[in-house]
Amino acid sequence: MLVFEKSKEGRGFSSLPACDVPEVLPKEEYRRGLELHLPEISENDLSRHYTELAKKSYGVNDGFYPLGSCTMKYNPKINEDMAGLPQFTEIHPLQPESTIQGCLEVIQKAEEYLCEITGMNRMTMQPAAGAHGEFTGLLLIKAYHESRGDHKRTKIIVPDSAHGTNPASATMAGYSVVSVPSMEDGCVDLEKLRAVVGEDTAGLMLTNPNTVGLFDKNILEITDIIHECGGVNYYDGANLNAVMGIVRPGDMGFDVIHLNLHKTFSTPHGGGGPGSGPVGCKEFLAEFLPSVLVEGTEKLTLKKPEHSIGEVKSFYGNFLVVVRALTYLMTLGKEGIPEASQNAVLNANYMMNKLKDIYPMAYDEVCMHEFVMSMEELKKGTGVSALDIAKGLVDNGIHPPTMYFPLIVHEALMVEPTETESKETMDKAIKVFRKIYNFAITAPDSLHQAPVTTPVTRLDEVEAARNPVLRYQF
């Protein structure tokens, strides 16, 4: 029930003193034509309403959240404490540089650490999210080619296992997309890649480890192929959580990268934001970076690169997300960052090996931070789909993994336990996965009805897609 449905005319809880200054109203032409539509409700009912909604929410603080390729890991509370300091929250972005030296130092220090982790030379914090970072990185690639008068480069190569935002971002940047298939081992088909590159290739978009959770053994050859034809290599940083502190994208041959601070570096993720998608690059692309960069040592200043592509967001990006990420980096340090990656890989392989005797793995080999299961044969034999398994998990207090992605695996479930989950938590989840599989064999109809313990049960998703109700009718 919405708060508007609990509204009663004349009810409220505001108790303001009488106005003791003359009332000054805006000109008639600037006034609303209709009264502002707000709910009328008591403080008691309002408090209960939002408490009830909070109890229906599910996040990493409630339980296991193995959403593949999204790294929904626990966010240490010290991050929130630092981001809540008034010295950060009460700063205005238009203040003189001399009064925001501490904030500029945060941005500079975050850039220094993130460039060290990724093997890049410069980094902007302005992009607000991963896909926003992709778009920004592609604009850097376009600006680079155009600065050299090389206007024939109109194509971006994207593997078929890529995140869906990759081809969308490339299209938004004005490029045509060329898809390259994967081989049976889940890695990029090198011969097919060689067949499509040429003088019209602007660049390649790729994440490594890739979306099926595997580190592409041919990564150096892949990036060399693109460089040899004059293209630029773009690294989608969505899966950096598996390799941060272990191997650097810059050393793999990548020239530009976006990071997801709200995935890899432990800042809040989901629920509409805020996110942060910093874009880093090698020196030859730095002159095109958006907005302003922090320069200097003792006295920090802001300077816009000479051939900047311009602004991609207001001011300096989601600054408090950067504060959280820097806190995480400084807390873990040089030793803790690679340990986090190692534990993420360990946890994923532990779960995979505890499930693969009954759940078919799309690629039955050592994985990185996530693994992909295929329910294709199970569906053929029992009628139980990946969706049914996911809904069954909800009834057992577990957030479902990513469903039906990547597209190259039919009836896919992609699981990423992350490094912040304990063995005990994973053992409980493994037990639930095995229990649901047994239901699929012995009582498949029960899973077709799931979930049955939630406030909203199985939805008619076809009807919702074809006839969506996008706004509440008062």
# chains A, B, ... in the order shown; residues from 1 in each chain; ligands from 1
call {"tool": "residues_around", "arguments": {"residues": "A:Ser291", "least_positions_apart": "2", "cutoff": "8 Å", "atoms": "only C-alpha atoms", "output": "list in words"}}
result
Thr124, Gln126, Leu289, Leu293, Lys304, Pro305, Ser308, Ile309, Gly310, Glu311, Val312, Phe315 and Tyr316 of chain A
call {"tool": "residues_around", "arguments": {"residues": "A:Thr71", "least_positions_apart": "5", "cutoff": "9 Å", "atoms": "only C-alpha atoms", "output": "JSON, numbers by chain"}}
result
{"A": [65, 66, 238, 239, 241, 262, 263, 264, 266, 269, 369, 416, 417, 418]}
call {"tool": "write_last_selection", "arguments": {"atoms": "N, CA and C atoms", "output": "mmCIF file, in the first residue's frame"}}
result
data_model
loop_
_atom_site.group_PDB
_atom_site.id
_atom_site.type_symbol
_atom_site.label_atom_id
_atom_site.label_comp_id
_atom_site.auth_asym_id
_atom_site.auth_seq_id
_atom_site.Cartn_x
_atom_site.Cartn_y
_atom_site.Cartn_z
ATOM 1 N N TYR A 65 23.569 -12.741 -1.149
ATOM 2 C CA TYR A 65 23.145 -11.949 -2.314
ATOM 3 C C TYR A 65 24.106 -12.224 -3.474
ATOM 4 N N PRO A 66 24.039 -13.435 -4.066
ATOM 5 C CA PRO A 66 25.059 -13.864 -5.056
ATOM 6 C C PRO A 66 24.772 -13.415 -6.484
ATOM 7 N N ALA A 238 33.950 -4.188 -14.776
ATOM 8 C CA ALA A 238 32.916 -4.796 -13.930
ATOM 9 C C ALA A 238 33.433 -5.988 -13.133
ATOM 10 N N ASN A 239 34.407 -6.713 -13.676
ATOM 11 C CA ASN A 239 34.877 -7.931 -13.011
ATOM 12 C C ASN A 239 36.267 -7.777 -12.390
ATOM 13 N N ASN A 241 37.000 -7.145 -9.493
ATOM 14 C CA ASN A 241 37.037 -7.681 -8.131
ATOM 15 C C ASN A 241 37.786 -9.011 -8.056
ATOM 16 N N HIS A 262 31.074 1.159 -7.041
ATOM 17 C CA HIS A 262 29.952 0.554 -6.329
ATOM 18 C C HIS A 262 29.908 -0.969 -6.506
ATOM 19 N N LYS A 263 30.910 -1.544 -7.125
ATOM 20 C CA LYS A 263 31.055 -3.003 -7.171
ATOM 21 C C LYS A 263 32.362 -3.402 -6.492
ATOM 22 N N THR A 264 33.455 -2.978 -7.098
ATOM 23 C CA THR A 264 34.768 -3.458 -6.685
ATOM 24 C C THR A 264 35.257 -2.828 -5.390
ATOM 25 N N SER A 266 33.577 -1.419 -2.764
ATOM 26 C CA SER A 266 32.798 -1.482 -1.540
ATOM 27 C C SER A 266 31.991 -0.242 -1.205
ATOM 28 N N HIS A 269 25.523 -0.290 -3.579
ATOM 29 C CA HIS A 269 25.231 -0.738 -4.936
ATOM 30 C C HIS A 269 23.744 -1.059 -5.028
ATOM 31 N N HIS A 369 35.884 -15.164 -10.175
ATOM 32 C CA HIS A 369 35.029 -14.686 -9.084
ATOM 33 C C HIS A 369 33.594 -15.165 -9.181
ATOM 34 N N GLU A 416 27.889 -15.279 -7.997
ATOM 35 C CA GLU A 416 29.102 -14.633 -7.491
ATOM 36 C C GLU A 416 28.981 -14.472 -5.974
ATOM 37 N N PRO A 417 29.658 -15.321 -5.210
ATOM 38 C CA PRO A 417 29.508 -15.236 -3.756
ATOM 39 C C PRO A 417 30.251 -14.070 -3.116
ATOM 40 N N THR A 418 31.252 -13.498 -3.760
ATOM 41 C CA THR A 418 32.122 -12.423 -3.268
ATOM 42 C C THR A 418 32.971 -12.872 -2.081
#
call {"tool": "closest_residue", "arguments": {"among": "A:Cys115, A:Pro181, A:Gly203, A:Leu413", "to": "A:Thr154", "atoms": "only C-alpha atoms"}}
result
A:Gly203
call {"tool": "closest_residue", "arguments": {"among": "A:Gly275, A:Gly10, A:Gly130, A:Gly333", "to": "A:Val321", "atoms": "only C-alpha atoms"}}
result
A:Gly275
call {"tool": "closest_residue", "arguments": {"among": "A:Thr99, A:Thr327, A:Ser179, A:Thr420", "to": "A:Tyr113", "atoms": "only C-alpha atoms"}}
result
A:Thr327
call {"tool": "residues_around", "arguments": {"residues": "stretch 206-208 of chain A", "least_positions_apart": "4", "cutoff": "7 Å", "atoms": "only C-alpha atoms", "output": "PyMOL selection string"}}
result
chain A and resi 158-159+162+215-216+234-237+239
call {"tool": "write_last_selection", "arguments": {"atoms": "N, CA and C atoms", "output": "mmCIF file, in the first residue's frame"}}
result
data_model
loop_
_atom_site.group_PDB
_atom_site.id
_atom_site.type_symbol
_atom_site.label_atom_id
_atom_site.label_comp_id
_atom_site.auth_asym_id
_atom_site.auth_seq_id
_atom_site.Cartn_x
_atom_site.Cartn_y
_atom_site.Cartn_z
ATOM 1 N N VAL A 158 33.063 -6.108 -30.105
ATOM 2 C CA VAL A 158 32.522 -6.507 -28.796
ATOM 3 C C VAL A 158 32.306 -8.019 -28.792
ATOM 4 N N PRO A 159 32.940 -8.764 -27.887
ATOM 5 C CA PRO A 159 32.704 -10.212 -27.810
ATOM 6 C C PRO A 159 31.246 -10.528 -27.462
ATOM 7 N N ALA A 162 29.948 -10.236 -23.802
ATOM 8 C CA ALA A 162 30.081 -8.935 -23.142
ATOM 9 C C ALA A 162 28.821 -8.552 -22.377
ATOM 10 N N PHE A 215 39.267 -16.196 -16.950
ATOM 11 C CA PHE A 215 40.333 -15.291 -17.391
ATOM 12 C C PHE A 215 40.781 -15.757 -18.775
ATOM 13 N N ASP A 216 40.661 -14.867 -19.753
ATOM 14 C CA ASP A 216 40.996 -15.240 -21.138
ATOM 15 C C ASP A 216 42.497 -15.449 -21.264
ATOM 16 N N TYR A 234 39.657 -1.137 -24.815
ATOM 17 C CA TYR A 234 38.850 -0.637 -23.688
ATOM 18 C C TYR A 234 38.554 -1.785 -22.724
ATOM 19 N N TYR A 235 38.812 -1.557 -21.442
ATOM 20 C CA TYR A 235 38.588 -2.579 -20.410
ATOM 21 C C TYR A 235 37.345 -2.233 -19.601
ATOM 22 N N ASP A 236 36.346 -3.098 -19.667
ATOM 23 C CA ASP A 236 35.161 -2.973 -18.825
ATOM 24 C C ASP A 236 35.541 -3.498 -17.440
ATOM 25 N N GLY A 237 35.552 -2.630 -16.447
ATOM 26 C CA GLY A 237 36.041 -2.988 -15.123
ATOM 27 C C GLY A 237 35.059 -3.695 -14.225
ATOM 28 N N ASN A 239 34.407 -6.713 -13.676
ATOM 29 C CA ASN A 239 34.877 -7.931 -13.011
ATOM 30 C C ASN A 239 36.267 -7.777 -12.390
#
call {"tool": "decode", "arguments": {"residues": "stretch 32-69 of chain A", "atoms": "N, CA and C atoms", "output": "PDB file, in the first residue's frame"}}
result
ATOM      1  N   ARG A  32       2.327  27.785  -8.733  1.00  0.00           N
ATOM      2  CA  ARG A  32       1.683  26.550  -9.195  1.00  0.00           C
ATOM      3  C   ARG A  32       0.222  26.795  -9.523  1.00  0.00           C
ATOM      4  N   GLY A  33      -0.266  26.098 -10.549  1.00  0.00           N
ATOM      5  CA  GLY A  33      -1.678  26.184 -10.881  1.00  0.00           C
ATOM      6  C   GLY A  33      -2.518  25.294  -9.984  1.00  0.00           C
ATOM      7  N   LEU A  34      -1.917  24.220  -9.485  1.00  0.00           N
ATOM      8  CA  LEU A  34      -2.616  23.272  -8.611  1.00  0.00           C
ATOM      9  C   LEU A  34      -1.877  23.154  -7.295  1.00  0.00           C
ATOM     10  N   GLU A  35      -2.611  22.828  -6.259  1.00  0.00           N
ATOM     11  CA  GLU A  35      -1.974  22.598  -4.964  1.00  0.00           C
ATOM     12  C   GLU A  35      -1.015  21.410  -5.053  1.00  0.00           C
ATOM     13  N   LEU A  36       0.062  21.503  -4.310  1.00  0.00           N
ATOM     14  CA  LEU A  36       1.020  20.405  -4.259  1.00  0.00           C
ATOM     15  C   LEU A  36       0.355  19.184  -3.641  1.00  0.00           C
ATOM     16  N   HIS A  37       0.436  18.045  -4.346  1.00  0.00           N
ATOM     17  CA  HIS A  37      -0.256  16.843  -3.882  1.00  0.00           C
ATOM     18  C   HIS A  37       0.654  16.048  -2.938  1.00  0.00           C
ATOM     19  N   LEU A  38       0.390  16.173  -1.654  1.00  0.00           N
ATOM     20  CA  LEU A  38       1.166  15.464  -0.649  1.00  0.00           C
ATOM     21  C   LEU A  38       0.235  14.656   0.240  1.00  0.00           C
ATOM     22  N   PRO A  39       0.696  13.541   0.770  1.00  0.00           N
ATOM     23  CA  PRO A  39      -0.144  12.746   1.665  1.00  0.00           C
ATOM     24  C   PRO A  39      -0.361  13.472   2.991  1.00  0.00           C
ATOM     25  N   GLU A  40      -1.518  13.278   3.562  1.00  0.00           N
ATOM     26  CA  GLU A  40      -1.841  13.826   4.885  1.00  0.00           C
ATOM     27  C   GLU A  40      -1.917  12.646   5.847  1.00  0.00           C
ATOM     28  N   ILE A  41      -0.930  12.572   6.735  1.00  0.00           N
ATOM     29  CA  ILE A  41      -0.785  11.361   7.542  1.00  0.00           C
ATOM     30  C   ILE A  41      -0.106  11.713   8.863  1.00  0.00           C
ATOM     31  N   SER A  42      -0.432  10.982   9.907  1.00  0.00           N
ATOM     32  CA  SER A  42       0.175  11.245  11.210  1.00  0.00           C
ATOM     33  C   SER A  42       1.611  10.732  11.246  1.00  0.00           C
ATOM     34  N   GLU A  43       2.395  11.263  12.175  1.00  0.00           N
ATOM     35  CA  GLU A  43       3.791  10.825  12.296  1.00  0.00           C
ATOM     36  C   GLU A  43       3.865   9.347  12.658  1.00  0.00           C
ATOM     37  N   ASN A  44       2.966   8.898  13.511  1.00  0.00           N
ATOM     38  CA  ASN A  44       2.941   7.490  13.913  1.00  0.00           C
ATOM     39  C   ASN A  44       2.726   6.579  12.712  1.00  0.00           C
ATOM     40  N   ASP A  45       1.716   6.911  11.898  1.00  0.00           N
ATOM     41  CA  ASP A  45       1.419   6.080  10.726  1.00  0.00           C
ATOM     42  C   ASP A  45       2.534   6.156   9.685  1.00  0.00           C
ATOM     43  N   LEU A  46       3.144   7.344   9.564  1.00  0.00           N
ATOM     44  CA  LEU A  46       4.224   7.511   8.605  1.00  0.00           C
ATOM     45  C   LEU A  46       5.434   6.658   9.009  1.00  0.00           C
ATOM     46  N   SER A  47       5.770   6.685  10.293  1.00  0.00           N
ATOM     47  CA  SER A  47       6.892   5.893  10.785  1.00  0.00           C
ATOM     48  C   SER A  47       6.652   4.407  10.550  1.00  0.00           C
ATOM     49  N   ARG A  48       5.441   3.950  10.829  1.00  0.00           N
ATOM     50  CA  ARG A  48       5.127   2.532  10.625  1.00  0.00           C
ATOM     51  C   ARG A  48       5.156   2.165   9.148  1.00  0.00           C
ATOM     52  N   HIS A  49       4.712   3.081   8.306  1.00  0.00           N
ATOM     53  CA  HIS A  49       4.679   2.807   6.873  1.00  0.00           C
ATOM     54  C   HIS A  49       6.088   2.526   6.345  1.00  0.00           C
ATOM     55  N   TYR A  50       7.048   3.400   6.684  1.00  0.00           N
ATOM     56  CA  TYR A  50       8.401   3.217   6.155  1.00  0.00           C
ATOM     57  C   TYR A  50       9.138   2.076   6.847  1.00  0.00           C
ATOM     58  N   THR A  51       8.789   1.816   8.103  1.00  0.00           N
ATOM     59  CA  THR A  51       9.368   0.648   8.779  1.00  0.00           C
ATOM     60  C   THR A  51       8.883  -0.638   8.122  1.00  0.00           C
ATOM     61  N   GLU A  52       7.619  -0.665   7.758  1.00  0.00           N
ATOM     62  CA  GLU A  52       7.065  -1.837   7.073  1.00  0.00           C
ATOM     63  C   GLU A  52       7.739  -2.054   5.722  1.00  0.00           C
ATOM     64  N   LEU A  53       7.970  -0.965   4.977  1.00  0.00           N
ATOM     65  CA  LEU A  53       8.664  -1.082   3.693  1.00  0.00           C
ATOM     66  C   LEU A  53      10.088  -1.581   3.881  1.00  0.00           C
ATOM     67  N   ALA A  54      10.775  -1.080   4.907  1.00  0.00           N
ATOM     68  CA  ALA A  54      12.153  -1.489   5.159  1.00  0.00           C
ATOM     69  C   ALA A  54      12.237  -2.981   5.442  1.00  0.00           C
ATOM     70  N   LYS A  55      11.255  -3.513   6.143  1.00  0.00           N
ATOM     71  CA  LYS A  55      11.249  -4.947   6.458  1.00  0.00           C
ATOM     72  C   LYS A  55      11.051  -5.801   5.207  1.00  0.00           C
ATOM     73  N   LYS A  56      10.438  -5.225   4.188  1.00  0.00           N
ATOM     74  CA  LYS A  56      10.207  -5.970   2.948  1.00  0.00           C
ATOM     75  C   LYS A  56      11.392  -5.875   1.980  1.00  0.00           C
ATOM     76  N   SER A  57      12.327  -4.997   2.279  1.00  0.00           N
ATOM     77  CA  SER A  57      13.495  -4.850   1.414  1.00  0.00           C
ATOM     78  C   SER A  57      14.478  -5.984   1.678  1.00  0.00           C
ATOM     79  N   TYR A  58      15.340  -6.245   0.679  1.00  0.00           N
ATOM     80  CA  TYR A  58      16.362  -7.270   0.831  1.00  0.00           C
ATOM     81  C   TYR A  58      17.667  -6.735   0.276  1.00  0.00           C
ATOM     82  N   GLY A  59      18.714  -6.828   1.071  1.00  0.00           N
ATOM     83  CA  GLY A  59      20.024  -6.366   0.629  1.00  0.00           C
ATOM     84  C   GLY A  59      21.119  -7.197   1.257  1.00  0.00           C
ATOM     85  N   VAL A  60      22.361  -6.790   1.071  1.00  0.00           N
ATOM     86  CA  VAL A  60      23.477  -7.575   1.595  1.00  0.00           C
ATOM     87  C   VAL A  60      23.482  -7.619   3.121  1.00  0.00           C
ATOM     88  N   ASN A  61      22.786  -6.698   3.760  1.00  0.00           N
ATOM     89  CA  ASN A  61      22.698  -6.730   5.217  1.00  0.00           C
ATOM     90  C   ASN A  61      21.657  -7.728   5.706  1.00  0.00           C
ATOM     91  N   ASP A  62      20.830  -8.244   4.794  1.00  0.00           N
ATOM     92  CA  ASP A  62      19.783  -9.191   5.174  1.00  0.00           C
ATOM     93  C   ASP A  62      20.187 -10.641   4.972  1.00  0.00           C
ATOM     94  N   GLY A  63      21.046 -10.891   3.997  1.00  0.00           N
ATOM     95  CA  GLY A  63      21.408 -12.276   3.733  1.00  0.00           C
ATOM     96  C   GLY A  63      22.243 -12.425   2.473  1.00  0.00           C
ATOM     97  N   PHE A  64      22.390 -13.661   2.039  1.00  0.00           N
ATOM     98  CA  PHE A  64      23.233 -14.010   0.896  1.00  0.00           C
ATOM     99  C   PHE A  64      22.689 -13.375  -0.380  1.00  0.00           C
ATOM    100  N   TYR A  65      23.569 -12.741  -1.149  1.00  0.00           N
ATOM    101  CA  TYR A  65      23.145 -11.949  -2.314  1.00  0.00           C
ATOM    102  C   TYR A  65      24.106 -12.224  -3.474  1.00  0.00           C
ATOM    103  N   PRO A  66      24.039 -13.435  -4.066  1.00  0.00           N
ATOM    104  CA  PRO A  66      25.059 -13.864  -5.056  1.00  0.00           C
ATOM    105  C   PRO A  66      24.772 -13.415  -6.484  1.00  0.00           C
ATOM    106  N   LEU A  67      24.563 -12.123  -6.677  1.00  0.00           N
ATOM    107  CA  LEU A  67      24.197 -11.615  -7.991  1.00  0.00           C
ATOM    108  C   LEU A  67      25.419 -11.581  -8.894  1.00  0.00           C
ATOM    109  N   GLY A  68      25.488 -12.490  -9.852  1.00  0.00           N
ATOM    110  CA  GLY A  68      26.664 -12.637 -10.697  1.00  0.00           C
ATOM    111  C   GLY A  68      26.982 -11.393 -11.501  1.00  0.00           C
ATOM    112  N   SER A  69      28.269 -11.088 -11.626  1.00  0.00           N
ATOM    113  CA  SER A  69      28.796  -9.974 -12.407  1.00  0.00           C
ATOM    114  C   SER A  69      28.463  -8.614 -11.807  1.00  0.00           C
TER     115      SER A  69
END
